[in-house]
Amino acid sequence: MAKNELIFNGNEKQVFSTDDPTRVIFRYKDVTTAYHGVKRARFAGKGALTNQISALLLGYLNENGVETHYISTIDEREQLCRMIEIIPLEVVFHNRIAGSLATKLGVEDGMKPANTILDLCYNNDELGDPLINRDQAVALNLATYQELDLMYDIVRRSGKLLTDLLHKAGIELVDAKFEFGRAADTGAIIISDELSPDTCRMWDEATGERLDKDRFRLDLGDMVDSYGIVLEKLKNVMEAE
Ligand code: TMP
């Protein structure tokens with residue numbers, strides 16, 4: 001499918017239109033940003049890794065009854081996706097309390113609660129993607145209550161599927177951020193954006209080592225190598241399935 005105009009130039013990804021108004025091409029960049037764009041760097045090979053990991057995880061959800069925007073992989077850096085109307089909300093799934101949630105609640109980073117926690121955020125860089133509640137989201141016409149219920153249900157199902165898959169690969173899914181859109185082809189609410197160590201915390205179950213963007217946020221080094229480990233472990237377990 002022909003790649004046409006650049007329609008969105010994000011920090012870490014670009015989106016191009018195609019000949020088909022219901023299809024777009026996502027291109028994953030080598031740029032990494034953190035703290036809402038305040039910290040920024042380029043890592044050769046990062047985009048190829050996040051593209052491949054995201055393709056595996058989104059594809060896995062598709063195969064397991066959760067619709068996502070991912071259709072197929074074009075090459076190392078690009079994937080063909082369904083066009084969506086963006087819903088500017090993020091639902092963050094937490095198996096552990098880490099990062100900004102640990103700071104907010106004043107608990108040790110990585111505390112394991114008995115329950116799973118879902119947070120709703122307003123996807124708005126200028127405001128720093130603040131937490132928002134359901135009533136506020138509906139008041140801003142970002143989604144209806146019914147759509148929010150559906151998004152929460154999708155996140156619970158996806159969180160469980162990904163937690164179990166990554167566990168088989170020896171990786172603990174600590175948290176994961178989900179974005180949504182209304183599909184241009186069917187109107188259904190589907191998962192969009194990406195699922196990778198850029199948008200999920202992933203820890204090595206054997207060593208407790210962080211294999212995700214915290215390596216950049218916390219200046220731990222070896223971020224690209226860690227993403228490579230995630231990809232290899234995932235490929236091994238998915239090929240064996
Ligand atoms: P946080 O600790 O920054 O709140 O992030 C929680 C998880 O969600 C972490 O894996 C990063 C991911 N996330 C994003 O990728 N983008 C976002 O805008 C937000 C709020 C979280």
# chains A, B, ... in the order shown; residues from 1 in each chain; ligands from 1
>>> residues_near_ligand(ligand="ligand 1", cutoff="10 Å", atoms="only C-alpha atoms and all ligand atoms", output="PyMOL selection string")
chain A and resi 33-37+89-94+97-104+109+119-125+128-131+173-179+194-202+212-214+217
>>> closest_atom_pairs(of="range 175-211 of chain A", to="range 19-30 of chain A", cutoff="9 Å", atoms="only C-alpha atoms", output="CSV")
residue,atom,partner,partner_atom,distance
A:Ala183,CA,A:Thr22,CA,8.0
A:Ala184,CA,A:Thr22,CA,5.4
A:Asp185,CA,A:Thr22,CA,5.6
A:Asp193,CA,A:Phe26,CA,8.8
>>> select_by_dssp(residues="range 176-217 of chain A", states="helix (DSSP H, G or I)", output="list of chain:residue names")
A:Asp214, A:Arg215, A:Phe216, A:Arg217
>>> write_last_selection(atoms="C-alpha atoms", output="short mmCIF file (atom, residue, chain, number, x, y, z; two decimals), in the first residue's frame")
data_model
loop_
_atom_site.label_atom_id
_atom_site.label_comp_id
_atom_site.auth_asym_id
_atom_site.auth_seq_id
_atom_site.Cartn_x
_atom_site.Cartn_y
_atom_site.Cartn_z
CA ASP A 214 12.90 3.46 33.13
CA ARG A 215 16.44 2.65 31.95
CA PHE A 216 16.32 6.05 30.20
CA ARG A 217 14.18 7.87 32.77
#
>>> closest_residue(among="A:Thr116, A:Ser54, A:Ser17, A:Asn133", to="Ile71 in chain A", atoms="only C-alpha atoms")
A:Ser54
>>> atom_distance(atom1="CA of Leu150 in chain A", atom2="CA of Asn95 in chain A")
20.0 Å
>>> closest_residue(among="A:Leu80, A:Val31, A:Ile87, A:Leu49", to="Met1 in chain A", atoms="only C-alpha atoms")
A:Leu80
>>> closest_residue(among="A:Leu231, A:Leu118, A:Leu57, A:Leu127", to="Asp153 in chain A", atoms="only C-alpha atoms")
A:Leu118
>>> residues_around(residues="Phe180 in chain A", least_positions_apart="6", cutoff="6 Å", atoms="only C-alpha atoms", output="list in words")
Ile87, Ile190, Ile191 and Ser192 of chain A
>>> select_by_dssp(residues="range 8-38 of chain A", states="strand (DSSP E)", output="PDB file with all heavy atoms, in the first residue's frame")
ATOM      1  N   PHE A   8       0.719  12.886  11.048  1.00  0.00           N
ATOM      2  CA  PHE A   8       0.992  13.135  12.471  1.00  0.00           C
ATOM      3  C   PHE A   8       2.474  12.895  12.711  1.00  0.00           C
ATOM      4  O   PHE A   8       3.013  11.864  12.321  1.00  0.00           O
ATOM      5  CB  PHE A   8       0.145  12.188  13.335  1.00  0.00           C
ATOM      6  CG  PHE A   8       0.470  12.255  14.790  1.00  0.00           C
ATOM      7  CD1 PHE A   8       0.039  13.319  15.575  1.00  0.00           C
ATOM      8  CD2 PHE A   8       1.236  11.259  15.405  1.00  0.00           C
ATOM      9  CE1 PHE A   8       0.358  13.385  16.930  1.00  0.00           C
ATOM     10  CE2 PHE A   8       1.552  11.313  16.753  1.00  0.00           C
ATOM     11  CZ  PHE A   8       1.101  12.389  17.510  1.00  0.00           C
ATOM     12  N   ASN A   9       3.128  13.883  13.340  1.00  0.00           N
ATOM     13  CA  ASN A   9       4.549  13.721  13.640  1.00  0.00           C
ATOM     14  C   ASN A   9       4.726  13.778  15.151  1.00  0.00           C
ATOM     15  O   ASN A   9       4.809  14.852  15.734  1.00  0.00           O
ATOM     16  CB  ASN A   9       5.342  14.834  12.938  1.00  0.00           C
ATOM     17  CG  ASN A   9       6.821  14.504  12.864  1.00  0.00           C
ATOM     18  OD1 ASN A   9       7.252  13.402  13.246  1.00  0.00           O
ATOM     19  ND2 ASN A   9       7.607  15.451  12.398  1.00  0.00           N
ATOM     20  N   LYS A  13       6.822   8.514  17.110  1.00  0.00           N
ATOM     21  CA  LYS A  13       6.252   7.845  15.946  1.00  0.00           C
ATOM     22  C   LYS A  13       5.731   8.872  14.942  1.00  0.00           C
ATOM     23  O   LYS A  13       5.393   9.988  15.322  1.00  0.00           O
ATOM     24  CB  LYS A  13       5.072   6.942  16.357  1.00  0.00           C
ATOM     25  CG  LYS A  13       5.515   5.698  17.095  1.00  0.00           C
ATOM     26  CD  LYS A  13       4.336   4.868  17.543  1.00  0.00           C
ATOM     27  CE  LYS A  13       3.443   5.536  18.523  1.00  0.00           C
ATOM     28  NZ  LYS A  13       3.894   5.622  19.885  1.00  0.00           N
ATOM     29  N   GLN A  14       5.668   8.427  13.693  1.00  0.00           N
ATOM     30  CA  GLN A  14       5.015   9.243  12.659  1.00  0.00           C
ATOM     31  C   GLN A  14       3.868   8.414  12.088  1.00  0.00           C
ATOM     32  O   GLN A  14       3.961   7.184  12.061  1.00  0.00           O
ATOM     33  CB  GLN A  14       5.992   9.545  11.530  1.00  0.00           C
ATOM     34  CG  GLN A  14       7.124  10.475  11.942  1.00  0.00           C
ATOM     35  CD  GLN A  14       8.156  10.627  10.843  1.00  0.00           C
ATOM     36  OE1 GLN A  14       8.500   9.659  10.169  1.00  0.00           O
ATOM     37  NE2 GLN A  14       8.650  11.839  10.668  1.00  0.00           N
ATOM     38  N   VAL A  15       2.834   9.116  11.601  1.00  0.00           N
ATOM     39  CA  VAL A  15       1.714   8.407  10.980  1.00  0.00           C
ATOM     40  C   VAL A  15       1.516   8.986   9.573  1.00  0.00           C
ATOM     41  O   VAL A  15       1.499  10.212   9.399  1.00  0.00           O
ATOM     42  CB  VAL A  15       0.422   8.562  11.809  1.00  0.00           C
ATOM     43  CG1 VAL A  15      -0.709   7.744  11.177  1.00  0.00           C
ATOM     44  CG2 VAL A  15       0.641   8.121  13.251  1.00  0.00           C
ATOM     45  N   PHE A  16       1.415   8.101   8.597  1.00  0.00           N
ATOM     46  CA  PHE A  16       1.237   8.494   7.197  1.00  0.00           C
ATOM     47  C   PHE A  16      -0.111   8.003   6.682  1.00  0.00           C
ATOM     48  O   PHE A  16      -0.535   6.888   7.036  1.00  0.00           O
ATOM     49  CB  PHE A  16       2.333   7.886   6.327  1.00  0.00           C
ATOM     50  CG  PHE A  16       3.712   8.388   6.651  1.00  0.00           C
ATOM     51  CD1 PHE A  16       4.459   7.786   7.651  1.00  0.00           C
ATOM     52  CD2 PHE A  16       4.266   9.463   5.969  1.00  0.00           C
ATOM     53  CE1 PHE A  16       5.731   8.247   7.968  1.00  0.00           C
ATOM     54  CE2 PHE A  16       5.534   9.929   6.277  1.00  0.00           C
ATOM     55  CZ  PHE A  16       6.272   9.327   7.284  1.00  0.00           C
ATOM     56  N   SER A  17      -0.726   8.799   5.821  1.00  0.00           N
ATOM     57  CA  SER A  17      -1.949   8.332   5.156  1.00  0.00           C
ATOM     58  C   SER A  17      -1.552   7.360   4.044  1.00  0.00           C
ATOM     59  O   SER A  17      -0.378   7.282   3.658  1.00  0.00           O
ATOM     60  CB  SER A  17      -2.732   9.515   4.581  1.00  0.00           C
ATOM     61  OG  SER A  17      -1.956  10.156   3.602  1.00  0.00           O
ATOM     62  N   THR A  18      -2.553   6.627   3.551  1.00  0.00           N
ATOM     63  CA  THR A  18      -2.319   5.686   2.439  1.00  0.00           C
ATOM     64  C   THR A  18      -3.405   5.930   1.389  1.00  0.00           C
ATOM     65  O   THR A  18      -4.250   6.812   1.548  1.00  0.00           O
ATOM     66  CB  THR A  18      -2.419   4.220   2.922  1.00  0.00           C
ATOM     67  OG1 THR A  18      -3.783   3.966   3.273  1.00  0.00           O
ATOM     68  CG2 THR A  18      -1.525   3.956   4.121  1.00  0.00           C
ATOM     69  N   ARG A  23      -6.891   3.135   6.279  1.00  0.00           N
ATOM     70  CA  ARG A  23      -5.598   2.538   6.641  1.00  0.00           C
ATOM     71  C   ARG A  23      -4.530   3.618   6.775  1.00  0.00           C
ATOM     72  O   ARG A  23      -4.508   4.577   5.999  1.00  0.00           O
ATOM     73  CB  ARG A  23      -5.141   1.530   5.562  1.00  0.00           C
ATOM     74  CG  ARG A  23      -6.110   0.376   5.347  1.00  0.00           C
ATOM     75  CD  ARG A  23      -6.108  -0.573   6.528  1.00  0.00           C
ATOM     76  NE  ARG A  23      -6.993  -1.707   6.362  1.00  0.00           N
ATOM     77  CZ  ARG A  23      -8.190  -1.828   6.942  1.00  0.00           C
ATOM     78  NH1 ARG A  23      -8.675  -0.850   7.686  1.00  0.00           N
ATOM     79  NH2 ARG A  23      -8.910  -2.918   6.781  1.00  0.00           N
ATOM     80  N   VAL A  24      -3.637   3.434   7.749  1.00  0.00           N
ATOM     81  CA  VAL A  24      -2.495   4.357   7.918  1.00  0.00           C
ATOM     82  C   VAL A  24      -1.223   3.519   8.109  1.00  0.00           C
ATOM     83  O   VAL A  24      -1.293   2.328   8.401  1.00  0.00           O
ATOM     84  CB  VAL A  24      -2.667   5.284   9.154  1.00  0.00           C
ATOM     85  CG1 VAL A  24      -3.736   6.326   8.930  1.00  0.00           C
ATOM     86  CG2 VAL A  24      -2.925   4.484  10.429  1.00  0.00           C
ATOM     87  N   ILE A  25      -0.100   4.196   7.952  1.00  0.00           N
ATOM     88  CA  ILE A  25       1.187   3.536   8.221  1.00  0.00           C
ATOM     89  C   ILE A  25       1.847   4.231   9.405  1.00  0.00           C
ATOM     90  O   ILE A  25       1.983   5.459   9.425  1.00  0.00           O
ATOM     91  CB  ILE A  25       2.089   3.574   6.966  1.00  0.00           C
ATOM     92  CG1 ILE A  25       1.490   2.652   5.891  1.00  0.00           C
ATOM     93  CG2 ILE A  25       3.527   3.148   7.315  1.00  0.00           C
ATOM     94  CD1 ILE A  25       2.174   2.714   4.540  1.00  0.00           C
ATOM     95  N   PHE A  26       2.198   3.436  10.404  1.00  0.00           N
ATOM     96  CA  PHE A  26       2.936   3.939  11.572  1.00  0.00           C
ATOM     97  C   PHE A  26       4.422   3.696  11.344  1.00  0.00           C
ATOM     98  O   PHE A  26       4.824   2.583  10.997  1.00  0.00           O
ATOM     99  CB  PHE A  26       2.517   3.173  12.841  1.00  0.00           C
ATOM    100  CG  PHE A  26       1.434   3.855  13.628  1.00  0.00           C
ATOM    101  CD1 PHE A  26       0.183   4.063  13.078  1.00  0.00           C
ATOM    102  CD2 PHE A  26       1.673   4.296  14.930  1.00  0.00           C
ATOM    103  CE1 PHE A  26      -0.818   4.689  13.808  1.00  0.00           C
ATOM    104  CE2 PHE A  26       0.677   4.926  15.663  1.00  0.00           C
ATOM    105  CZ  PHE A  26      -0.573   5.127  15.101  1.00  0.00           C
ATOM    106  N   ARG A  27       5.228   4.721  11.576  1.00  0.00           N
ATOM    107  CA  ARG A  27       6.691   4.588  11.497  1.00  0.00           C
ATOM    108  C   ARG A  27       7.281   4.892  12.864  1.00  0.00           C
ATOM    109  O   ARG A  27       7.055   5.969  13.421  1.00  0.00           O
ATOM    110  CB  ARG A  27       7.245   5.558  10.442  1.00  0.00           C
ATOM    111  CG  ARG A  27       8.739   5.450  10.274  1.00  0.00           C
ATOM    112  CD  ARG A  27       9.248   6.316   9.129  1.00  0.00           C
ATOM    113  NE  ARG A  27      10.695   6.211   9.041  1.00  0.00           N
ATOM    114  CZ  ARG A  27      11.355   5.232   8.449  1.00  0.00           C
ATOM    115  NH1 ARG A  27      10.706   4.264   7.859  1.00  0.00           N
ATOM    116  NH2 ARG A  27      12.675   5.218   8.438  1.00  0.00           N
ATOM    117  N   TYR A  28       8.005   3.947  13.424  1.00  0.00           N
ATOM    118  CA  TYR A  28       8.574   4.094  14.772  1.00  0.00           C
ATOM    119  C   TYR A  28       9.949   4.741  14.673  1.00  0.00           C
ATOM    120  O   TYR A  28      10.832   4.256  13.959  1.00  0.00           O
ATOM    121  CB  TYR A  28       8.681   2.714  15.439  1.00  0.00           C
ATOM    122  CG  TYR A  28       7.361   2.181  15.948  1.00  0.00           C
ATOM    123  CD1 TYR A  28       6.326   1.831  15.081  1.00  0.00           C
ATOM    124  CD2 TYR A  28       7.140   2.028  17.310  1.00  0.00           C
ATOM    125  CE1 TYR A  28       5.114   1.342  15.562  1.00  0.00           C
ATOM    126  CE2 TYR A  28       5.938   1.530  17.807  1.00  0.00           C
ATOM    127  CZ  TYR A  28       4.933   1.197  16.924  1.00  0.00           C
ATOM    128  OH  TYR A  28       3.739   0.708  17.402  1.00  0.00           O
ATOM    129  N   VAL A  31      13.833   8.096  18.410  1.00  0.00           N
ATOM    130  CA  VAL A  31      13.818   9.098  19.490  1.00  0.00           C
ATOM    131  C   VAL A  31      13.131   8.517  20.724  1.00  0.00           C
ATOM    132  O   VAL A  31      12.158   7.776  20.616  1.00  0.00           O
ATOM    133  CB  VAL A  31      13.054  10.363  19.025  1.00  0.00           C
ATOM    134  CG1 VAL A  31      12.899  11.359  20.166  1.00  0.00           C
ATOM    135  CG2 VAL A  31      13.770  10.993  17.845  1.00  0.00           C
ATOM    136  N   THR A  32      13.663   8.859  21.895  1.00  0.00           N
ATOM    137  CA  THR A  32      13.027   8.480  23.164  1.00  0.00           C
ATOM    138  C   THR A  32      12.780   9.747  23.965  1.00  0.00           C
ATOM    139  O   THR A  32      13.675  10.600  24.062  1.00  0.00           O
ATOM    140  CB  THR A  32      13.952   7.541  23.968  1.00  0.00           C
ATOM    141  OG1 THR A  32      14.067   6.319  23.248  1.00  0.00           O
ATOM    142  CG2 THR A  32      13.381   7.246  25.348  1.00  0.00           C
ATOM    143  N   THR A  33      11.567   9.889  24.496  1.00  0.00           N
ATOM    144  CA  THR A  33      11.281  11.054  25.345  1.00  0.00           C
ATOM    145  C   THR A  33      10.729  10.564  26.674  1.00  0.00           C
ATOM    146  O   THR A  33      10.188   9.465  26.776  1.00  0.00           O
ATOM    147  CB  THR A  33      10.239  11.998  24.701  1.00  0.00           C
ATOM    148  OG1 THR A  33       9.028  11.277  24.527  1.00  0.00           O
ATOM    149  CG2 THR A  33      10.712  12.557  23.378  1.00  0.00           C
ATOM    150  N   ALA A  34      10.884  11.391  27.691  1.00  0.00           N
ATOM    151  CA  ALA A  34      10.334  11.054  29.008  1.00  0.00           C
ATOM    152  C   ALA A  34       9.909  12.340  29.697  1.00  0.00           C
ATOM    153  O   ALA A  34      10.310  13.436  29.281  1.00  0.00           O
ATOM    154  CB  ALA A  34      11.376  10.317  29.844  1.00  0.00           C
TER     155      ALA A  34
END
>>> residues_around(residues="Thr144 in chain A", least_positions_apart="6", cutoff="9 Å", atoms="only C-alpha atoms", output="ChimeraX atom specification")
/A:134,137-138
>>> residues_around(residues="Thr163 in chain A", least_positions_apart="3", cutoff="7 Å", atoms="only C-alpha atoms", output="MDAnalysis selection string")
chainID A and resid 159:160 166:167 172:173
>>> closest_residue(among="A:Ile74, A:Asn62, A:Glu126, A:Pro113", to="Val38 in chain A", atoms="only C-alpha atoms")
A:Glu126
>>> closest_residue(among="A:Arg96, A:Ile229, A:Met238, A:Ala48", to="Glu108 in chain A", atoms="only C-alpha atoms")
A:Arg96
>>> closest_residue(among="A:Gly181, A:Ile189, A:Asp75, A:Asp225", to="Asp149 in chain A", atoms="only C-alpha atoms")
A:Ile189
>>> residues_around(residues="Ala240 in chain A", least_positions_apart="4", cutoff="12 Å", atoms="only C-alpha atoms", output="PyMOL selection string")
chain A and resi 165+168-169+233-236
>>> decode(residues="range 80-91 of chain A", atoms="all heavy atoms", output="PDB file, in the first residue's frame")
ATOM      1  N   LEU A  80       1.368  -1.459   9.179  1.00  0.00           N
ATOM      2  CA  LEU A  80       0.087  -1.026   8.602  1.00  0.00           C
ATOM      3  C   LEU A  80      -0.968  -1.132   9.693  1.00  0.00           C
ATOM      4  O   LEU A  80      -1.061  -2.157  10.373  1.00  0.00           O
ATOM      5  CB  LEU A  80      -0.281  -1.934   7.422  1.00  0.00           C
ATOM      6  CG  LEU A  80      -1.580  -1.586   6.691  1.00  0.00           C
ATOM      7  CD1 LEU A  80      -1.467  -0.227   5.986  1.00  0.00           C
ATOM      8  CD2 LEU A  80      -1.934  -2.684   5.680  1.00  0.00           C
ATOM      9  N   CYS A  81      -1.739  -0.035   9.856  1.00  0.00           N
ATOM     10  CA  CYS A  81      -2.731  -0.004  10.937  1.00  0.00           C
ATOM     11  C   CYS A  81      -4.064   0.524  10.418  1.00  0.00           C
ATOM     12  O   CYS A  81      -4.127   1.161   9.367  1.00  0.00           O
ATOM     13  CB  CYS A  81      -2.245   0.923  12.060  1.00  0.00           C
ATOM     14  SG  CYS A  81      -0.793   0.302  12.919  1.00  0.00           S
ATOM     15  N   ARG A  82      -5.105   0.271  11.206  1.00  0.00           N
ATOM     16  CA  ARG A  82      -6.418   0.819  10.879  1.00  0.00           C
ATOM     17  C   ARG A  82      -6.443   2.293  11.283  1.00  0.00           C
ATOM     18  O   ARG A  82      -5.923   2.660  12.335  1.00  0.00           O
ATOM     19  CB  ARG A  82      -7.500   0.046  11.648  1.00  0.00           C
ATOM     20  CG  ARG A  82      -7.596  -1.389  11.192  1.00  0.00           C
ATOM     21  CD  ARG A  82      -8.312  -2.254  12.198  1.00  0.00           C
ATOM     22  NE  ARG A  82      -9.739  -1.985  12.269  1.00  0.00           N
ATOM     23  CZ  ARG A  82     -10.564  -2.615  13.109  1.00  0.00           C
ATOM     24  NH1 ARG A  82     -10.094  -3.534  13.950  1.00  0.00           N
ATOM     25  NH2 ARG A  82     -11.844  -2.340  13.129  1.00  0.00           N
ATOM     26  N   MET A  83      -7.048   3.102  10.433  1.00  0.00           N
ATOM     27  CA  MET A  83      -7.227   4.531  10.761  1.00  0.00           C
ATOM     28  C   MET A  83      -8.249   4.618  11.886  1.00  0.00           C
ATOM     29  O   MET A  83      -9.252   3.894  11.877  1.00  0.00           O
ATOM     30  CB  MET A  83      -7.731   5.266   9.525  1.00  0.00           C
ATOM     31  CG  MET A  83      -8.202   6.668   9.763  1.00  0.00           C
ATOM     32  SD  MET A  83      -6.840   7.769  10.105  1.00  0.00           S
ATOM     33  CE  MET A  83      -6.961   8.871   8.724  1.00  0.00           C
ATOM     34  N   ILE A  84      -7.991   5.498  12.837  1.00  0.00           N
ATOM     35  CA  ILE A  84      -8.959   5.689  13.927  1.00  0.00           C
ATOM     36  C   ILE A  84      -9.232   7.180  14.128  1.00  0.00           C
ATOM     37  O   ILE A  84      -8.445   8.029  13.715  1.00  0.00           O
ATOM     38  CB  ILE A  84      -8.416   5.137  15.276  1.00  0.00           C
ATOM     39  CG1 ILE A  84      -7.006   5.705  15.567  1.00  0.00           C
ATOM     40  CG2 ILE A  84      -8.435   3.633  15.336  1.00  0.00           C
ATOM     41  CD1 ILE A  84      -6.826   6.125  16.977  1.00  0.00           C
ATOM     42  N   GLU A  85     -10.348   7.434  14.786  1.00  0.00           N
ATOM     43  CA  GLU A  85     -10.574   8.775  15.330  1.00  0.00           C
ATOM     44  C   GLU A  85     -10.053   8.690  16.768  1.00  0.00           C
ATOM     45  O   GLU A  85     -10.521   7.862  17.561  1.00  0.00           O
ATOM     46  CB  GLU A  85     -12.078   9.082  15.321  1.00  0.00           C
ATOM     47  CG  GLU A  85     -12.435  10.430  15.889  1.00  0.00           C
ATOM     48  CD  GLU A  85     -13.910  10.503  16.318  1.00  0.00           C
ATOM     49  OE1 GLU A  85     -14.701   9.638  15.875  1.00  0.00           O
ATOM     50  OE2 GLU A  85     -14.232  11.386  17.123  1.00  0.00           O
ATOM     51  N   ILE A  86      -9.068   9.521  17.083  1.00  0.00           N
ATOM     52  CA  ILE A  86      -8.396   9.418  18.389  1.00  0.00           C
ATOM     53  C   ILE A  86      -9.351   9.773  19.523  1.00  0.00           C
ATOM     54  O   ILE A  86     -10.075  10.766  19.460  1.00  0.00           O
ATOM     55  CB  ILE A  86      -7.180  10.377  18.435  1.00  0.00           C
ATOM     56  CG1 ILE A  86      -6.092   9.903  17.471  1.00  0.00           C
ATOM     57  CG2 ILE A  86      -6.612  10.487  19.853  1.00  0.00           C
ATOM     58  CD1 ILE A  86      -4.930  10.864  17.327  1.00  0.00           C
ATOM     59  N   ILE A  87      -9.320   8.962  20.576  1.00  0.00           N
ATOM     60  CA  ILE A  87      -9.979   9.305  21.841  1.00  0.00           C
ATOM     61  C   ILE A  87      -8.851   9.770  22.762  1.00  0.00           C
ATOM     62  O   ILE A  87      -7.978   8.974  23.109  1.00  0.00           O
ATOM     63  CB  ILE A  87     -10.707   8.086  22.449  1.00  0.00           C
ATOM     64  CG1 ILE A  87     -11.809   7.604  21.497  1.00  0.00           C
ATOM     65  CG2 ILE A  87     -11.275   8.432  23.828  1.00  0.00           C
ATOM     66  CD1 ILE A  87     -12.519   6.332  21.946  1.00  0.00           C
ATOM     67  N   PRO A  88      -8.812  11.049  23.144  1.00  0.00           N
ATOM     68  CA  PRO A  88      -7.633  11.553  23.872  1.00  0.00           C
ATOM     69  C   PRO A  88      -7.625  11.180  25.356  1.00  0.00           C
ATOM     70  O   PRO A  88      -7.578  12.040  26.239  1.00  0.00           O
ATOM     71  CB  PRO A  88      -7.695  13.068  23.655  1.00  0.00           C
ATOM     72  CG  PRO A  88      -9.120  13.350  23.410  1.00  0.00           C
ATOM     73  CD  PRO A  88      -9.764  12.114  22.831  1.00  0.00           C
ATOM     74  N   LEU A  89      -7.709   9.899  25.596  1.00  0.00           N
ATOM     75  CA  LEU A  89      -7.666   9.364  26.964  1.00  0.00           C
ATOM     76  C   LEU A  89      -6.676   8.207  26.990  1.00  0.00           C
ATOM     77  O   LEU A  89      -6.474   7.547  25.961  1.00  0.00           O
ATOM     78  CB  LEU A  89      -9.049   8.836  27.369  1.00  0.00           C
ATOM     79  CG  LEU A  89     -10.142   9.868  27.582  1.00  0.00           C
ATOM     80  CD1 LEU A  89     -11.500   9.192  27.701  1.00  0.00           C
ATOM     81  CD2 LEU A  89      -9.854  10.712  28.826  1.00  0.00           C
ATOM     82  N   GLU A  90      -6.082   7.979  28.137  1.00  0.00           N
ATOM     83  CA  GLU A  90      -5.195   6.833  28.310  1.00  0.00           C
ATOM     84  C   GLU A  90      -5.692   6.065  29.531  1.00  0.00           C
ATOM     85  O   GLU A  90      -6.064   6.687  30.526  1.00  0.00           O
ATOM     86  CB  GLU A  90      -3.766   7.295  28.606  1.00  0.00           C
ATOM     87  CG  GLU A  90      -3.171   8.162  27.509  1.00  0.00           C
ATOM     88  CD  GLU A  90      -1.807   8.738  27.882  1.00  0.00           C
ATOM     89  OE1 GLU A  90      -1.478   8.782  29.092  1.00  0.00           O
ATOM     90  OE2 GLU A  90      -1.097   9.144  26.963  1.00  0.00           O
ATOM     91  N   VAL A  91      -5.710   4.753  29.431  1.00  0.00           N
ATOM     92  CA  VAL A  91      -6.019   3.949  30.620  1.00  0.00           C
ATOM     93  C   VAL A  91      -4.736   3.204  30.987  1.00  0.00           C
ATOM     94  O   VAL A  91      -4.172   2.486  30.155  1.00  0.00           O
ATOM     95  CB  VAL A  91      -7.184   2.964  30.375  1.00  0.00           C
ATOM     96  CG1 VAL A  91      -7.487   2.202  31.668  1.00  0.00           C
ATOM     97  CG2 VAL A  91      -8.427   3.709  29.900  1.00  0.00           C
TER      98      VAL A  91
END
